[in-house]
file data_22.txt (compact mmCIF, C-alpha atoms and all ligand atoms)
# COMPACT_ATOMS: atom_id res chain seq x y z
CA MET I 1 0.00 0.00 0.00
CA ALA I 2 1.24 3.46 -0.82
CA ARG I 3 -0.17 6.91 -0.36
CA PHE I 4 -0.33 9.81 -2.82
CA THR I 5 -1.28 13.17 -1.31
CA LEU I 6 -1.56 16.64 -2.83
CA PRO I 7 -3.30 19.88 -1.81
CA ARG I 8 -7.04 19.69 -2.29
CA ASP I 9 -7.05 22.74 -4.56
CA LEU I 10 -4.38 24.14 -6.81
CA TYR I 11 -4.97 27.40 -8.66
CA HIS I 12 -2.54 28.13 -11.44
CA GLY I 13 -2.01 30.62 -14.21
CA LYS I 14 -1.54 34.36 -14.32
CA GLY I 15 -3.88 36.16 -11.93
CA SER I 16 -4.55 33.12 -9.74
CA LEU I 17 -3.37 35.08 -6.67
CA GLU I 18 -6.84 36.62 -6.76
CA GLU I 19 -8.28 33.26 -5.63
CA LEU I 20 -7.41 34.39 -2.09
CA LYS I 21 -10.71 36.27 -2.31
CA ASN I 22 -12.54 32.97 -2.19
CA LEU I 23 -11.02 31.53 0.99
CA LYS I 24 -13.64 31.12 3.68
CA GLY I 25 -12.65 32.13 7.18
CA LYS I 26 -12.45 34.85 9.81
CA LYS I 27 -8.78 35.59 10.42
CA ALA I 28 -5.80 35.13 8.13
CA MET I 29 -2.17 35.42 9.11
CA ILE I 30 0.12 36.14 6.18
CA CYS I 31 3.66 34.83 6.60
CA VAL I 32 6.22 36.48 4.38
CA GLY I 33 9.97 36.97 3.97
CA GLY I 34 12.26 39.94 4.06
CA GLY I 35 10.76 42.34 1.56
CA SER I 36 10.58 41.16 -2.07
CA MET I 37 6.84 40.42 -1.87
CA LYS I 38 6.21 43.83 -0.31
CA ARG I 39 8.46 45.62 -2.81
CA PHE I 40 6.71 44.17 -5.83
CA GLY I 41 3.21 44.82 -4.45
CA PHE I 42 2.17 41.17 -4.00
CA LEU I 43 1.85 41.45 -0.22
CA ASP I 44 -0.58 44.39 -0.45
CA ARG I 45 -2.58 42.59 -3.11
CA ALA I 46 -2.79 39.41 -1.03
CA LYS I 47 -3.87 41.37 2.03
CA GLY I 48 -6.51 43.20 -0.04
CA TYR I 49 -7.93 39.96 -1.45
CA LEU I 50 -8.16 38.37 2.00
CA GLU I 51 -9.92 41.45 3.34
CA GLU I 52 -12.33 41.26 0.41
CA ALA I 53 -13.02 37.70 1.59
CA GLY I 54 -14.17 39.30 4.85
CA MET I 55 -11.17 38.26 6.95
CA SER I 56 -9.15 40.31 9.36
CA VAL I 57 -5.51 40.04 8.41
CA GLU I 58 -2.26 40.16 10.34
CA ILE I 59 1.18 39.94 8.80
CA PHE I 60 4.20 38.09 10.19
CA GLU I 61 7.14 39.36 8.18
CA GLY I 62 10.89 39.13 8.11
CA ILE I 63 11.26 35.36 7.71
CA GLU I 64 14.89 34.94 6.65
CA PRO I 65 16.25 32.72 3.85
CA ASP I 66 16.92 29.24 5.30
CA PRO I 67 14.66 29.94 8.28
CA SER I 68 15.77 29.17 11.81
CA VAL I 69 14.14 27.31 14.68
CA GLU I 70 13.93 30.66 16.53
CA THR I 71 11.93 32.27 13.72
CA VAL I 72 9.53 29.33 13.75
CA MET I 73 8.97 29.72 17.49
CA LYS I 74 8.43 33.49 17.17
CA GLY I 75 5.92 33.03 14.36
CA ALA I 76 4.01 30.41 16.32
CA GLU I 77 3.79 32.82 19.24
CA ALA I 78 2.36 35.52 16.97
CA MET I 79 -0.19 32.98 15.70
CA ALA I 80 -1.15 32.00 19.23
CA LYS I 81 -1.85 35.69 20.01
CA PHE I 82 -3.85 36.38 16.84
CA GLY I 83 -5.67 33.04 16.47
CA PRO I 84 -5.91 32.70 12.66
CA ASP I 85 -8.09 30.10 10.98
CA TRP I 86 -6.07 30.55 7.77
CA ILE I 87 -2.31 30.69 7.46
CA VAL I 88 -1.32 32.17 4.11
CA ALA I 89 2.38 31.87 3.32
CA ILE I 90 3.68 33.89 0.39
CA GLY I 91 7.18 33.83 -1.07
CA GLY I 92 9.95 31.36 -1.72
CA GLY I 93 10.59 28.08 0.03
CA SER I 94 11.87 29.83 3.13
CA PRO I 95 8.76 31.70 4.34
CA ILE I 96 6.44 28.87 3.27
CA ASP I 97 8.53 26.24 5.06
CA ALA I 98 8.80 28.39 8.18
CA ALA I 99 5.03 28.93 8.17
CA LYS I 100 4.43 25.17 7.95
CA ALA I 101 6.53 24.59 11.06
CA MET I 102 4.84 27.53 12.84
CA TRP I 103 1.51 25.90 11.99
CA ILE I 104 2.51 22.70 13.83
CA LYS I 105 3.63 24.64 16.90
CA TYR I 106 0.47 26.80 16.76
CA GLU I 107 -1.75 23.70 16.72
CA TYR I 108 0.34 21.86 19.32
CA PRO I 109 2.04 24.42 21.61
CA ASP I 110 3.84 21.67 23.55
CA CYS I 111 5.43 20.21 20.42
CA THR I 112 9.21 20.80 20.42
CA PHE I 113 11.38 21.17 17.33
CA GLU I 114 12.75 17.66 17.98
CA ASP I 115 9.18 16.32 18.01
CA MET I 116 8.52 17.96 14.62
CA CYS I 117 11.54 16.27 13.10
CA LYS I 118 10.21 12.77 13.73
CA VAL I 119 9.57 11.64 10.17
CA PHE I 120 5.85 11.15 9.49
CA GLY I 121 5.17 11.72 13.18
CA ILE I 122 3.14 14.95 13.15
CA PRO I 123 -0.24 14.74 14.91
CA GLU I 124 -3.42 15.74 13.09
CA LEU I 125 -3.47 19.42 12.10
CA ARG I 126 -6.36 21.68 10.93
CA ARG I 127 -7.99 21.82 14.36
CA LYS I 128 -7.20 25.55 14.42
CA ALA I 129 -6.21 26.59 10.90
CA HIS I 130 -5.97 25.67 7.26
CA PHE I 131 -2.95 26.47 5.15
CA CYS I 132 -2.59 28.23 1.79
CA ALA I 133 0.80 28.54 0.08
CA VAL I 134 1.63 30.99 -2.69
CA SER I 135 5.03 30.36 -4.25
CA SER I 136 7.17 33.15 -5.69
CA THR I 137 10.20 31.06 -6.68
CA SER I 138 10.28 28.22 -9.19
CA GLY I 139 12.03 25.48 -7.34
CA THR I 140 11.15 24.12 -3.92
CA ALA I 141 7.48 23.41 -4.76
CA THR I 142 6.83 23.57 -1.05
CA GLU I 143 3.35 24.85 -1.96
CA VAL I 144 2.44 21.23 -2.75
CA THR I 145 4.85 19.17 -0.64
CA ALA I 146 4.77 17.37 2.67
CA PHE I 147 8.12 18.92 3.62
CA SER I 148 9.52 21.86 5.49
CA ILE I 149 13.23 22.53 5.89
CA ILE I 150 14.32 24.35 9.02
CA THR I 151 17.90 25.22 9.94
CA ASP I 152 19.33 24.71 13.41
CA TYR I 153 22.13 27.29 13.32
CA GLU I 154 23.63 26.09 16.61
CA LYS I 155 24.26 22.72 15.00
CA GLY I 156 24.91 24.23 11.54
CA THR I 157 22.51 21.77 9.94
CA LYS I 158 19.16 21.66 8.15
CA TYR I 159 16.40 19.37 9.31
CA PRO I 160 13.58 18.22 7.06
CA ILE I 161 10.15 17.99 8.67
CA ALA I 162 8.21 15.43 6.66
CA ASP I 163 4.55 14.52 7.00
CA PHE I 164 1.48 14.66 4.74
CA GLU I 165 -0.19 16.64 7.56
CA ILE I 166 1.80 19.69 6.41
CA THR I 167 0.85 19.36 2.74
CA PRO I 168 -0.99 22.67 2.21
CA ASP I 169 -4.75 22.72 1.70
CA VAL I 170 -4.58 25.26 -1.10
CA ALA I 171 -1.67 26.02 -3.43
CA ILE I 172 -1.53 29.06 -5.69
CA VAL I 173 0.94 28.84 -8.57
CA ASP I 174 0.74 32.28 -10.16
CA PRO I 175 3.63 32.84 -12.59
CA GLU I 176 3.39 36.60 -12.22
CA LEU I 177 5.12 36.26 -8.86
CA ALA I 178 8.06 34.48 -10.49
CA GLU I 179 8.62 37.23 -13.07
CA THR I 180 10.50 39.39 -10.58
CA MET I 181 13.08 36.75 -9.64
CA PRO I 182 16.68 37.85 -10.17
CA LYS I 183 18.66 35.61 -12.56
CA LYS I 184 20.71 33.91 -9.87
CA LEU I 185 17.56 32.86 -8.05
CA VAL I 186 16.12 31.50 -11.31
CA ALA I 187 19.25 29.39 -11.78
CA HIS I 188 19.37 27.99 -8.26
CA THR I 189 15.69 27.29 -7.80
CA GLY I 190 15.50 25.83 -11.31
CA MET I 191 18.27 23.34 -10.66
CA ASP I 192 16.63 22.52 -7.33
CA ALA I 193 13.52 21.61 -9.33
CA MET I 194 15.55 19.54 -11.81
CA THR I 195 17.10 17.67 -8.88
CA HIS I 196 13.65 17.05 -7.37
CA ALA I 197 12.38 15.63 -10.66
CA ILE I 198 15.41 13.39 -11.27
CA GLU I 199 15.68 12.23 -7.66
CA ALA I 200 11.94 11.51 -7.63
CA TYR I 201 12.23 9.25 -10.67
CA VAL I 202 14.75 6.83 -9.15
CA PRO I 203 14.04 6.44 -5.44
CA THR I 204 12.77 3.27 -3.87
CA ALA I 205 9.31 4.78 -3.31
CA ASN I 206 8.59 5.82 -6.90
CA CYS I 207 5.35 4.65 -8.53
CA ASP I 208 3.20 5.19 -11.63
CA PHE I 209 1.62 8.29 -10.14
CA THR I 210 4.95 9.98 -9.40
CA ASP I 211 6.83 8.79 -12.51
CA SER I 212 4.53 10.60 -14.92
CA LEU I 213 4.89 13.89 -13.04
CA ALA I 214 8.67 13.55 -12.69
CA ILE I 215 9.29 12.79 -16.35
CA HIS I 216 7.09 15.60 -17.61
CA ALA I 217 8.82 18.01 -15.22
CA ILE I 218 12.26 16.89 -16.45
CA GLU I 219 11.29 17.48 -20.09
CA MET I 220 9.93 20.93 -19.30
CA ILE I 221 12.89 21.99 -17.17
CA GLN I 222 15.39 20.82 -19.79
CA LYS I 223 13.63 22.99 -22.35
CA ASP I 224 12.70 26.03 -20.29
CA LEU I 225 15.22 26.62 -17.50
CA VAL I 226 18.06 28.20 -19.47
CA PRO I 227 15.72 30.44 -21.54
CA SER I 228 13.98 31.45 -18.29
CA TYR I 229 17.41 32.37 -16.86
CA ASN I 230 17.96 34.48 -19.98
CA GLU I 231 14.76 36.43 -19.21
CA ASP I 232 12.34 34.67 -21.61
CA MET I 233 9.12 35.27 -19.66
CA ALA I 234 7.05 32.61 -21.42
CA ALA I 235 9.68 30.05 -20.38
CA ARG I 236 9.69 31.57 -16.84
CA HIS I 237 5.94 30.96 -16.65
CA ARG I 238 6.28 27.35 -17.78
CA MET I 239 9.07 26.78 -15.24
CA HIS I 240 6.67 27.81 -12.48
CA ASN I 241 4.42 24.89 -13.42
CA ALA I 242 7.31 22.49 -14.08
CA GLN I 243 8.79 22.96 -10.61
CA CYS I 244 5.36 22.32 -9.12
CA LEU I 245 4.98 19.04 -11.03
CA ALA I 246 8.42 18.01 -9.77
CA GLY I 247 7.25 18.81 -6.24
CA MET I 248 4.12 16.70 -6.61
CA ALA I 249 6.37 13.83 -7.67
CA PHE I 250 8.97 14.05 -4.92
CA SER I 251 6.52 14.79 -2.15
CA ASN I 252 5.14 11.31 -2.77
CA ALA I 253 8.16 9.42 -4.16
CA LEU I 254 10.64 11.06 -1.77
CA LEU I 255 14.17 12.09 -2.72
CA GLY I 256 17.70 10.80 -2.47
CA ILE I 257 21.19 11.62 -1.26
CA VAL I 258 21.72 14.72 -3.40
CA HIS I 259 19.33 16.33 -0.96
CA SER I 260 20.89 14.62 2.06
CA MET I 261 24.26 16.12 1.11
CA ALA I 262 22.81 19.54 0.29
CA HIS I 263 21.00 19.67 3.64
CA LYS I 264 24.17 18.87 5.57
CA THR I 265 26.57 21.15 3.67
CA GLY I 266 24.28 24.20 3.30
CA ALA I 267 25.02 25.92 6.58
CA VAL I 268 28.08 24.09 7.87
CA PHE I 269 30.62 26.50 6.32
CA ALA I 270 28.65 29.64 7.16
CA ASP I 271 31.53 30.72 9.46
CA TYR I 272 33.75 30.81 6.35
CA GLY I 273 31.73 33.42 4.55
CA ALA I 274 28.61 32.04 2.95
CA HIS I 275 25.93 29.44 2.73
CA ILE I 276 26.05 26.93 -0.05
CA ILE I 277 22.67 27.84 -1.52
CA HIS I 278 20.34 24.83 -1.64
CA GLY I 279 19.79 24.82 -5.41
CA ALA I 280 23.47 25.38 -6.17
CA ALA I 281 24.46 22.54 -3.84
CA ASN I 282 22.02 20.23 -5.63
CA ALA I 283 23.25 21.35 -9.05
CA MET I 284 26.86 20.53 -8.09
CA TYR I 285 26.15 17.19 -6.41
CA LEU I 286 23.51 15.77 -8.81
CA PRO I 287 25.93 14.64 -11.57
CA LYS I 288 28.17 12.96 -8.95
CA VAL I 289 25.28 11.15 -7.29
CA ILE I 290 23.94 9.96 -10.65
CA ALA I 291 27.36 8.37 -11.34
CA TYR I 292 27.30 6.74 -7.88
CA ASN I 293 23.67 5.52 -8.06
CA ALA I 294 24.11 4.22 -11.61
CA LYS I 295 26.15 1.35 -10.15
CA ASP I 296 22.74 0.03 -9.13
CA GLU I 297 21.24 -1.69 -12.21
CA THR I 298 17.64 -0.54 -11.65
CA ALA I 299 18.72 3.06 -11.09
CA LYS I 300 20.94 2.94 -14.18
CA LYS I 301 17.98 1.82 -16.32
CA ARG I 302 15.86 4.61 -14.94
CA TYR I 303 18.54 7.24 -15.71
CA GLY I 304 18.57 5.73 -19.21
CA VAL I 305 14.83 6.37 -19.52
CA ILE I 306 15.35 9.96 -18.39
CA ALA I 307 18.05 10.40 -21.04
CA ASP I 308 15.68 9.00 -23.67
CA TYR I 309 12.94 11.45 -22.73
CA MET I 310 15.53 14.23 -22.94
CA HIS I 311 16.52 12.97 -26.43
CA LEU I 312 20.18 12.72 -25.50
CA GLY I 313 21.00 9.71 -27.67
CA GLY I 314 23.29 6.89 -26.53
CA SER I 315 23.05 3.24 -27.53
CA ASN I 316 23.17 1.63 -24.08
CA ASP I 317 22.47 2.63 -20.50
CA ASP I 318 26.12 3.38 -19.68
CA GLU I 319 26.32 5.84 -22.56
CA LYS I 320 22.97 7.34 -21.63
CA VAL I 321 24.09 7.93 -18.03
CA LYS I 322 27.25 9.61 -19.31
CA LEU I 323 25.23 11.86 -21.64
CA LEU I 324 22.81 12.73 -18.83
CA ILE I 325 25.71 13.78 -16.60
CA GLU I 326 27.25 15.86 -19.42
CA THR I 327 23.92 17.56 -20.12
CA LEU I 328 23.43 18.51 -16.48
CA ARG I 329 26.97 19.86 -16.27
CA LYS I 330 26.35 21.93 -19.40
CA MET I 331 23.20 23.34 -17.78
CA ASN I 332 25.31 24.36 -14.77
CA ASP I 333 27.72 26.15 -17.14
CA ASP I 334 24.86 27.92 -18.90
CA LEU I 335 23.48 28.99 -15.52
CA ASN I 336 26.82 30.14 -14.11
CA ILE I 337 26.82 27.54 -11.33
CA PRO I 338 30.18 25.99 -10.33
CA HIS I 339 30.80 22.24 -10.57
CA CYS I 340 32.16 21.73 -7.07
CA ILE I 341 32.45 23.17 -3.57
CA GLY I 342 36.16 23.93 -4.14
CA LYS I 343 35.16 26.39 -6.87
CA TYR I 344 32.08 27.79 -5.14
CA GLY I 345 32.90 31.46 -4.84
CA LYS I 346 31.44 34.80 -3.89
CA ASP I 347 27.71 35.08 -4.60
CA SER I 348 27.74 31.40 -5.61
CA TYR I 349 29.58 32.04 -8.89
CA PRO I 350 32.41 29.79 -10.11
CA THR I 351 35.86 30.94 -9.10
CA GLU I 352 39.37 29.46 -8.95
CA GLN I 353 39.48 29.42 -5.13
CA GLY I 354 36.10 28.93 -3.46
CA PHE I 355 35.24 30.18 0.02
CA VAL I 356 35.57 26.80 1.72
CA PRO I 357 39.29 26.13 2.39
CA GLU I 358 40.40 22.58 1.65
CA GLU I 359 41.66 21.89 5.17
CA VAL I 360 38.38 23.07 6.71
CA PHE I 361 36.41 20.84 4.34
CA LEU I 362 38.58 17.81 5.16
CA GLU I 363 38.40 18.42 8.89
CA ARG I 364 34.58 18.63 8.84
CA LEU I 365 34.11 15.87 6.27
CA PRO I 366 33.52 12.88 8.63
CA GLY I 367 30.82 14.76 10.56
CA ILE I 368 29.09 15.99 7.40
CA ALA I 369 29.14 12.49 5.91
CA GLU I 370 27.69 10.96 9.05
CA ARG I 371 24.89 13.52 9.20
CA ALA I 372 24.17 13.13 5.46
CA ILE I 373 23.76 9.39 5.93
CA GLY I 374 21.35 10.08 8.78
CA ASP I 375 19.30 12.60 6.76
CA ALA I 376 15.65 11.73 6.11
CA CYS I 377 16.27 11.69 2.33
CA THR I 378 18.87 8.90 2.46
CA GLY I 379 16.48 6.03 3.15
CA SER I 380 14.80 6.26 -0.27
CA ASN I 381 18.04 6.54 -2.28
CA PRO I 382 18.66 3.57 -4.60
CA ARG I 383 22.03 2.84 -2.93
CA GLN I 384 22.75 3.10 0.78
CA PRO I 385 26.20 4.64 1.15
CA SER I 386 28.61 3.57 3.88
CA GLN I 387 30.49 6.23 5.84
CA GLU I 388 33.53 5.65 3.64
CA GLU I 389 31.52 5.95 0.41
CA MET I 390 29.76 9.09 1.56
CA GLU I 391 33.11 10.69 2.43
CA LYS I 392 34.46 9.73 -1.00
CA LEU I 393 31.37 11.10 -2.71
CA LEU I 394 31.61 14.39 -0.83
CA LYS I 395 35.28 14.61 -1.79
CA CYS I 396 34.31 14.23 -5.46
CA CYS I 397 31.87 17.08 -4.86
CA TYR I 398 34.66 19.21 -3.40
CA TYR I 399 37.35 18.52 -6.03
CA ASP I 400 35.11 17.77 -9.04
CA THR I 401 36.67 14.35 -9.55
CA GLU I 402 35.21 11.24 -11.19
CA VAL I 403 32.99 8.90 -9.16
CA ASP I 404 34.23 5.36 -9.84
CA PHE I 405 32.88 3.42 -6.87
N1 LIG D 1 9.81 22.21 1.59
C1 LIG D 1 10.39 21.65 0.57
O1 LIG D 1 9.84 20.70 0.02
C2 LIG D 1 11.70 22.19 0.11
C3 LIG D 1 12.30 21.67 -1.04
C4 LIG D 1 13.51 22.22 -1.44
C5 LIG D 1 14.08 23.26 -0.72
N2 LIG D 1 13.49 23.74 0.40
C6 LIG D 1 14.06 24.85 1.21
O2 LIG D 1 13.61 26.10 0.69
C7 LIG D 1 14.57 27.12 0.96
C8 LIG D 1 14.95 27.84 -0.32
O3 LIG D 1 13.82 28.42 -0.88
P1 LIG D 1 13.89 29.25 -2.25
O4 LIG D 1 14.95 28.68 -3.08
O5 LIG D 1 12.52 29.31 -2.79
O6 LIG D 1 14.39 30.69 -1.81
P2 LIG D 1 14.06 31.62 -0.53
O7 LIG D 1 12.65 31.52 -0.12
O8 LIG D 1 15.10 31.35 0.51
O9 LIG D 1 14.29 33.07 -1.15
C9 LIG D 1 15.59 33.50 -1.53
C10 LIG D 1 15.57 35.01 -1.77
O10 LIG D 1 14.79 35.33 -2.91
C11 LIG D 1 13.90 36.41 -2.66
N3 LIG D 1 12.72 36.20 -3.51
C12 LIG D 1 11.79 35.21 -3.40
N4 LIG D 1 10.88 35.31 -4.40
C13 LIG D 1 11.24 36.37 -5.16
C14 LIG D 1 10.71 36.99 -6.34
N5 LIG D 1 9.64 36.46 -6.96
N6 LIG D 1 11.32 38.07 -6.82
C15 LIG D 1 12.42 38.57 -6.24
N7 LIG D 1 12.99 38.04 -5.13
C16 LIG D 1 12.40 36.96 -4.60
C17 LIG D 1 13.63 36.31 -1.18
O11 LIG D 1 13.24 37.54 -0.67
C18 LIG D 1 14.98 35.84 -0.63
O12 LIG D 1 15.82 36.92 -0.39
C19 LIG D 1 15.76 26.41 1.59
O13 LIG D 1 15.69 26.56 2.99
C20 LIG D 1 15.57 24.97 1.17
O14 LIG D 1 16.21 24.07 2.05
C21 LIG D 1 12.30 23.23 0.79
ZN ZN D 2 15.37 20.79 -2.98

call {"tool": "encode", "arguments": {"input": "data_22.txt", "output": "structure tokens"}}
result
Amino acid sequence: MARFTLPRDLYHGKGSLEELKNLKGKKAMICVGGGSMKRFGFLDRAKGYLEEAGMSVEIFEGIEPDPSVETVMKGAEAMAKFGPDWIVAIGGGSPIDAAKAMWIKYEYPDCTFEDMCKVFGIPELRRKAHFCAVSSTSGTATEVTAFSIITDYEKGTKYPIADFEITPDVAIVDPELAETMPKKLVAHTGMDAMTHAIEAYVPTANCDFTDSLAIHAIEMIQKDLVPSYNEDMAARHRMHNAQCLAGMAFSNALLGIVHSMAHKTGAVFADYGAHIIHGAANAMYLPKVIAYNAKDETAKKRYGVIADYMHLGGSNDDEKVKLLIETLRKMNDDLNIPHCIGKYGKDSYPTEQGFVPEEVFLERLPGIAERAIGDACTGSNPRQPSQEEMEKLLKCCYYDTEVDF
């Protein structure tokens, strides 16, 4: 028996933000990030629509990128004071994810962050509020997923909260919100979406329902991501749908170790100057993980199918895997994303000497590898890496060397 869960309603297409007018309730709390939604007028519009729906509205703003446990607790407190029956999260993955975790704490004030992190262990929600997510980036698809990623900055690590309870009730996928994304954000979130689609096609939990979504998303992203990066707005609009399809797939098929590694490297070098942005981390690690997973015969066949749908050519699965890896690396080049941590420089652009010094990487490597193996995304990966293999894989991701194990 398997389960396939999505939001009950999904409104898509230009102008779908206006659907907020039709939510039925008394009080809505809007959760939003640091300013882009306000700057471009989407926050005011959302507030106006909710007021037209007859609701009183309060705004919780300032949710930072890669939201922290502290922000979640603060937001939940604000919810407890206001008592919303709708939580409306608008923005990228960060504010929507934070709002999902706030929702749990709001419904269950005694629930600790550790309790939330128990995979598929969230008690029944919707006793106090329903949840609507409006995405403004084209990548995480958190508007349709059962996931929320929260960072514990004390431990320097990201924790996925995973449970169908936090799949939103309503998702709004309005491409107008994605038009204002700066190019770098388009690149990172787009490769995040590509990673979701590819990882969702090969994990142990994949099924007919998720395969169709994953493959269609891969075809769309292959065609539309680079043009979207180069400011083609029709392609940008299609990418907003494509990332959402990828999300529907992975929310039900789960992911793999690209995500495990991205979660555990994202914040761990923050003391050396920068985060490794989630989408960029995925973009760098995906080709390496494909080479590693392709040692599993079933996974290799599945990568071959992906290559076929992408029309890459190749006369056997080994060739197809090679062509898939080359294509993804070419996409990284076209999107100005480096190939490895060692070359991950200022503002995430490729550079000769990245911001993570080699000796710091090597010193932290065993801990990162151990935590990556323990990440919630590892269990569904086609191969289960040992500590030694995970360290070797991470080294390939630092030096951009071949994976031959
Ligand atoms: N829940 C999931 O299923 C899931 C999946 C993948 C990643 N994630 C998590 O999501 C987070 C990343 O989310 P993200 O990539 O969407 O970025 P984000 O939400 O962190 O936003 C990044 C920046 O882009 C700005 N921004 C957002 N939308 C914009 C727009 N339309 N125009 C201009 N600027 C805009 C924001 O203000 C912010 O400064 C990470 O914490 C990652 O771990 C979650
Ligand atoms: Zn992701």

call {"tool": "residues_near_ligand", "arguments": {"input": "data_22.txt", "ligand": "ligand ZN 2 (chain D)", "cutoff": "12 Å", "atoms": "all atoms listed in the file", "output": "PyMOL selection string"}}
result
chain I and resi 66+92-94+97+138-142+145+147-149+158+160+188-200+243-244+246-247+250-251+254-263+266+277-283+285-286+377

call {"tool": "residues_around", "arguments": {"input": "data_22.txt", "residues": "Tyr344 (chain I)", "least_positions_apart": "3", "cutoff": "8 Å", "atoms": "all atoms listed in the file", "output": "PyMOL selection string"}}
result
chain I and resi 276+338-341+348-351+353-356

call {"tool": "residues_around", "arguments": {"input": "data_22.txt", "residues": "Ala307 (chain I)", "least_positions_apart": "2", "cutoff": "8 Å", "atoms": "only C-alpha atoms", "output": "number ranges by chain"}}
result
I: 303-305, 309-313, 320-321, 323-324

call {"tool": "atom_distance", "arguments": {"input": "data_22.txt", "atom1": "CA of Ile122 (chain I)", "atom2": "CA of Thr167 (chain I)"}}
result
11.5 Å

call {"tool": "residues_near_point", "arguments": {"input": "data_22.txt", "point": "(-10.9, 36.8, 2.3)", "cutoff": "7 Å", "atoms": "all atoms listed in the file", "output": "short mmCIF file (atom, residue, chain, number, x, y, z; two decimals) with C-alpha atoms, in the coordinates of the input"}}
result
data_model
loop_
_atom_site.label_atom_id
_atom_site.label_comp_id
_atom_site.auth_asym_id
_atom_site.auth_seq_id
_atom_site.Cartn_x
_atom_site.Cartn_y
_atom_site.Cartn_z
CA LEU I 20 -7.41 34.39 -2.09
CA LYS I 21 -10.71 36.27 -2.31
CA ASN I 22 -12.54 32.97 -2.19
CA LEU I 23 -11.02 31.53 0.99
CA LYS I 24 -13.64 31.12 3.68
CA GLY I 25 -12.65 32.13 7.18
CA TYR I 49 -7.93 39.96 -1.45
CA LEU I 50 -8.16 38.37 2.00
CA GLU I 51 -9.92 41.45 3.34
CA GLU I 52 -12.33 41.26 0.41
CA ALA I 53 -13.02 37.70 1.59
CA GLY I 54 -14.17 39.30 4.85
CA MET I 55 -11.17 38.26 6.95
#

call {"tool": "atom_distance", "arguments": {"input": "data_22.txt", "atom1": "CA of Thr112 (chain I)", "atom2": "atom N1 of ligand LIG 1 (chain D)"}}
result
18.9 Å

call {"tool": "residues_near_point", "arguments": {"input": "data_22.txt", "point": "(7.0, 28.6, -14.5)", "cutoff": "10 Å", "atoms": "all atoms listed in the file", "output": "VMD selection string"}}
result
chain I and resid 13 136 to 139 173 to 179 190 220 to 221 224 to 225 228 233 to 244

call {"tool": "residues_around", "arguments": {"input": "data_22.txt", "residues": "Arg302 (chain I)", "least_positions_apart": "4", "cutoff": "9 Å", "atoms": "only C-alpha atoms", "output": "count of residues only"}}
result
8

call {"tool": "atom_distance", "arguments": {"input": "data_22.txt", "atom1": "CA of Val69 (chain I)", "atom2": "CA of Phe113 (chain I)"}}
result
7.2 Å

call {"tool": "closest_residue", "arguments": {"input": "data_22.txt", "among": "I:Arg3, I:Lys118, I:Arg126, I:His275", "to": "ligand LIG 1 (chain D)", "atoms": "all atoms listed in the file"}}
result
I:His275

call {"tool": "closest_residue", "arguments": {"input": "data_22.txt", "among": "I:Gly91, I:Gly62, I:Pro7, I:Pro84", "to": "ligand LIG 1 (chain D)", "atoms": "all atoms listed in the file"}}
result
I:Gly91

call {"tool": "residues_around", "arguments": {"input": "data_22.txt", "residues": "Glu58 (chain I)", "least_positions_apart": "3", "cutoff": "9 Å", "atoms": "all atoms listed in the file", "output": "ChimeraX atom specification"}}
result
/I:27-31,47,82,84

call {"tool": "closest_residue", "arguments": {"input": "data_22.txt", "among": "I:Asp115, I:Asp44, I:Asp211, I:Glu61", "to": "ligand LIG 1 (chain D)", "atoms": "only C-alpha atoms and all ligand atoms"}}
result
I:Glu61
